[in-house]
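In what follows, a structure is listed as structure tokens, so that the remarks can point back to it.
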Amino acid sequence: QVQLVESGGGLVQPGGSLRLSCAASGFTLNRYTIGWFRQAPGKEREAVSCISRSDDSTYTADSVKGRFTISRDNAKNTVYLQMNSLKPEDTAVYYCAADSRVDCSALVVHNRYLEVWGQGTLVTVSS
């Protein structure tokens with residue numbers, strides 16, 4: 001069964017850190033472009049970060065640049081999102097998604113029909 005499972009979300013105080021994991025089963029992650037997205041209540045889904053299948057180049061949204069870092073561990077078939085200096089406005093459900101057809105430049109813009117989506121993990125930043 002092809003699936004992505006996110007983990008690592010939770011409640012954290014402003015200024016704190018979390019590391020989200022996106023573990024794949026049923027397929028090999030390093031052949032896919034992986035994106036992290038988030039959706040806050042009442043807001044549209046936002047592409048946060050991405051790592052490309054072809055050359056491991058990355059994309060990071062301006063809203064999280066300098067605070068969030070995406071990385072890939074091929075041995076564990078897992079992609080991570082390290083989130084530092086968290087702010088209340090980072091509160092959202094975070095999803096990872098995978099697609100074998102595109103690199104980040106396309107994935108962050110055209111992401112409605114990506115091949116595999118995870119179920120999401122909730123991140124709450126609050127004191």
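By convention here, the chains of the structure tokens are called A, B, ... in the order presented, each chain's residues are numbered starting at 1, and ligands are numbered starting at 1 in the order presented.
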>> as a PyMOL selection string, please: the residues near Val108 in chain A (cut-off 12 Å, only C-alpha atoms, same-chain neighbours under 2 positions excluded).
In response: chain A and resi 33-38+45-52+58-61+96-99+102-106+110-114
>> What's around Lys87 in chain A at 9 Å? Count only C-alpha atoms, leave out sequence neighbours fewer than 2 positions away in its own chain, and write the answer as a PyMOL selection string.
In response: chain A and resi 13-16+84-85+89-91+125-126
Please save all heavy atoms of the selected residues as a CSV table (one decimal), in the first residue's frame.
```csv
chain,number,residue,atom,x,y,z
A,13,GLN,N,5.5,26.2,22.6
A,13,GLN,CA,5.5,27.6,22.9
A,13,GLN,C,6.1,28.4,21.8
A,13,GLN,O,7.0,27.9,21.1
A,13,GLN,CB,6.2,27.9,24.2
A,13,GLN,CG,5.4,27.3,25.4
A,13,GLN,CD,6.1,27.7,26.7
A,13,GLN,OE1,7.2,28.1,26.8
A,13,GLN,NE2,5.3,27.6,27.8
A,14,PRO,N,5.7,29.7,21.6
A,14,PRO,CA,6.4,30.5,20.7
A,14,PRO,C,7.9,30.5,20.9
A,14,PRO,O,8.4,30.6,22.1
A,14,PRO,CB,5.8,31.9,20.9
A,14,PRO,CG,4.4,31.6,21.5
A,14,PRO,CD,4.6,30.3,22.3
A,15,GLY,N,8.7,30.5,19.8
A,15,GLY,CA,10.1,30.4,19.9
A,15,GLY,C,10.7,29.0,20.0
A,15,GLY,O,11.9,28.8,19.9
A,16,GLY,N,9.8,28.0,20.2
A,16,GLY,CA,10.2,26.6,20.3
A,16,GLY,C,10.4,26.0,18.9
A,16,GLY,O,10.3,26.6,17.9
A,84,ASN,N,12.1,25.8,13.5
A,84,ASN,CA,12.7,26.5,14.6
A,84,ASN,C,12.0,27.9,14.7
A,84,ASN,O,11.3,28.4,13.8
A,84,ASN,CB,14.2,26.7,14.4
A,84,ASN,CG,14.9,25.4,14.3
A,84,ASN,OD1,14.5,24.4,15.0
A,84,ASN,ND2,16.0,25.3,13.6
A,85,SER,N,12.2,28.5,15.9
A,85,SER,CA,11.6,29.8,16.1
A,85,SER,C,10.2,29.9,15.7
A,85,SER,O,9.7,30.9,15.0
A,85,SER,CB,12.5,30.9,15.3
A,85,SER,OG,13.8,30.8,15.7
A,89,GLU,N,1.5,32.2,14.3
A,89,GLU,CA,1.0,32.1,12.9
A,89,GLU,C,1.4,30.9,12.1
A,89,GLU,O,1.0,30.6,11.0
A,89,GLU,CB,1.3,33.4,12.1
A,89,GLU,CG,2.8,33.7,12.1
A,89,GLU,CD,3.1,34.8,13.1
A,89,GLU,OE1,2.6,34.7,14.3
A,89,GLU,OE2,4.0,35.7,12.8
A,90,ASP,N,2.3,30.1,12.7
A,90,ASP,CA,2.7,28.8,12.1
A,90,ASP,C,1.7,27.7,12.5
A,90,ASP,O,1.8,26.6,12.0
A,90,ASP,CB,4.1,28.3,12.6
A,90,ASP,CG,5.2,29.3,12.1
A,90,ASP,OD1,5.1,29.7,10.9
A,90,ASP,OD2,6.1,29.6,12.9
A,91,THR,N,0.7,28.0,13.4
A,91,THR,CA,-0.3,27.0,13.8
A,91,THR,C,-1.1,26.6,12.6
A,91,THR,O,-1.7,27.4,11.8
A,91,THR,CB,-1.2,27.6,14.8
A,91,THR,OG1,-0.4,27.9,16.0
A,91,THR,CG2,-2.3,26.7,15.2
A,125,VAL,N,1.1,26.5,18.0
A,125,VAL,CA,2.1,27.3,18.6
A,125,VAL,C,1.4,28.3,19.5
A,125,VAL,O,0.7,29.2,19.0
A,125,VAL,CB,3.0,28.0,17.6
A,125,VAL,CG1,4.1,28.8,18.3
A,125,VAL,CG2,3.6,27.0,16.6
A,126,SER,N,1.5,28.1,20.8
A,126,SER,CA,0.7,28.9,21.7
A,126,SER,C,1.4,28.9,23.1
A,126,SER,O,2.0,27.9,23.5
A,126,SER,CB,-0.7,28.4,21.9
A,126,SER,OG,-1.4,29.1,22.8
```
Just the helix (DSSP H, G or I) stuff from range 38-103 of chain A, please, per backbone DSSP, written as a short mmCIF file (atom, residue, chain, number, x, y, z; two decimals) with N, CA and C atoms, in the first residue's frame.
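Output file out.cif is given in full below:
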```cif
data_model
loop_
_atom_site.label_atom_id
_atom_site.label_comp_id
_atom_site.auth_asym_id
_atom_site.auth_seq_id
_atom_site.Cartn_x
_atom_site.Cartn_y
_atom_site.Cartn_z
N ASN A 74 17.36 8.98 2.97
CA ASN A 74 16.98 7.90 2.05
C ASN A 74 16.97 6.54 2.73
N ALA A 75 17.88 6.33 3.68
CA ALA A 75 17.95 5.05 4.37
C ALA A 75 16.67 4.77 5.16
N LYS A 76 16.05 5.82 5.66
CA LYS A 76 14.82 5.67 6.44
C LYS A 76 13.58 5.93 5.60
N PRO A 88 3.08 31.90 16.57
CA PRO A 88 1.66 31.52 16.60
C PRO A 88 1.07 31.39 15.20
N GLU A 89 1.53 32.18 14.27
CA GLU A 89 0.99 32.11 12.91
C GLU A 89 1.43 30.86 12.15
N ASP A 90 2.31 30.06 12.72
CA ASP A 90 2.68 28.77 12.14
C ASP A 90 1.68 27.68 12.50
#
```
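CA of Gln39 in chain A lies 10.3 Å from CA of Val123 in chain A.
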> Could you write out, as a ChimeraX atom specification, all the residues of chain A that DSSP marks as strand (DSSP E)?
Replying inline: /A:3-7,10-12,18-25,33-39,46-51,58-60,68-73,78-83,92-99,116-117,121-125
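Reported to one decimal place, the separation of CA of Val109 in chain A from CA of Ser25 in chain A is 25.4 Å.
Relative to CA of Glu115 in chain A, CA of Val64 in chain A is found at 25.0 Å.
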> Can you list, as a PyMOL selection string, every protein, DNA or RNA residue that comes within 9 Å of Leu29 in chain A when you count only C-alpha atoms, leaving out same-chain residues fewer than 5 positions away?
Replying inline: chain A and resi 23-24+34+53+72+74+77-79+98
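Compared by their closest atoms to Ser7 in chain A, and using only C-alpha atoms, the residues A:Ser54, A:Ser63, A:Ser127, A:Thr121 rank with A:Thr121 nearest.
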>> Residues within 9 Å of Gln82 in chain A, please, as a ChimeraX atom specification. Count only C-alpha atoms; anything in the same chain fewer than 4 positions from it doesn't count.
In response: /A:17-21,67-71
Keeping only N, CA, C and O atoms, take the residues you just selected and write them out as a compact mmCIF listing (two decimals), in the first residue's frame.
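File part-v2.txt, as written:
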```
# COMPACT_ATOMS: atom_id res chain seq x y z
N SER A 17 10.76 24.68 18.99
CA SER A 17 11.09 23.92 17.78
C SER A 17 10.32 22.60 17.75
O SER A 17 9.97 22.04 18.80
N LEU A 18 10.07 22.14 16.54
CA LEU A 18 9.52 20.82 16.30
C LEU A 18 10.17 20.26 15.05
O LEU A 18 10.57 21.02 14.16
N ARG A 19 10.23 18.93 14.97
CA ARG A 19 10.67 18.29 13.75
C ARG A 19 9.56 17.35 13.28
O ARG A 19 9.20 16.40 13.97
N LEU A 20 9.03 17.66 12.12
CA LEU A 20 8.02 16.81 11.52
C LEU A 20 8.68 15.75 10.65
O LEU A 20 9.67 16.01 9.99
N SER A 21 8.08 14.56 10.65
CA SER A 21 8.57 13.46 9.81
C SER A 21 7.49 13.07 8.82
O SER A 21 6.29 13.11 9.15
N ARG A 67 13.87 29.78 9.13
CA ARG A 67 13.38 29.07 10.32
C ARG A 67 13.09 27.60 10.06
O ARG A 67 13.25 26.77 10.95
N PHE A 68 12.64 27.25 8.87
CA PHE A 68 12.29 25.87 8.53
C PHE A 68 13.31 25.31 7.55
O PHE A 68 13.76 26.00 6.64
N THR A 69 13.63 24.03 7.73
CA THR A 69 14.57 23.35 6.84
C THR A 69 14.03 21.97 6.49
O THR A 69 13.64 21.20 7.38
N ILE A 70 14.04 21.66 5.21
CA ILE A 70 13.62 20.34 4.74
C ILE A 70 14.84 19.48 4.48
O ILE A 70 15.89 19.98 4.03
N SER A 71 14.72 18.18 4.78
CA SER A 71 15.82 17.27 4.51
C SER A 71 15.26 15.88 4.23
O SER A 71 14.11 15.59 4.54
```
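Checking A:Ala92, A:Leu122, A:Ala40, A:Leu107 one by one against Gly8 in chain A, counting only C-alpha atoms, you find the shortest gap at A:Leu122.
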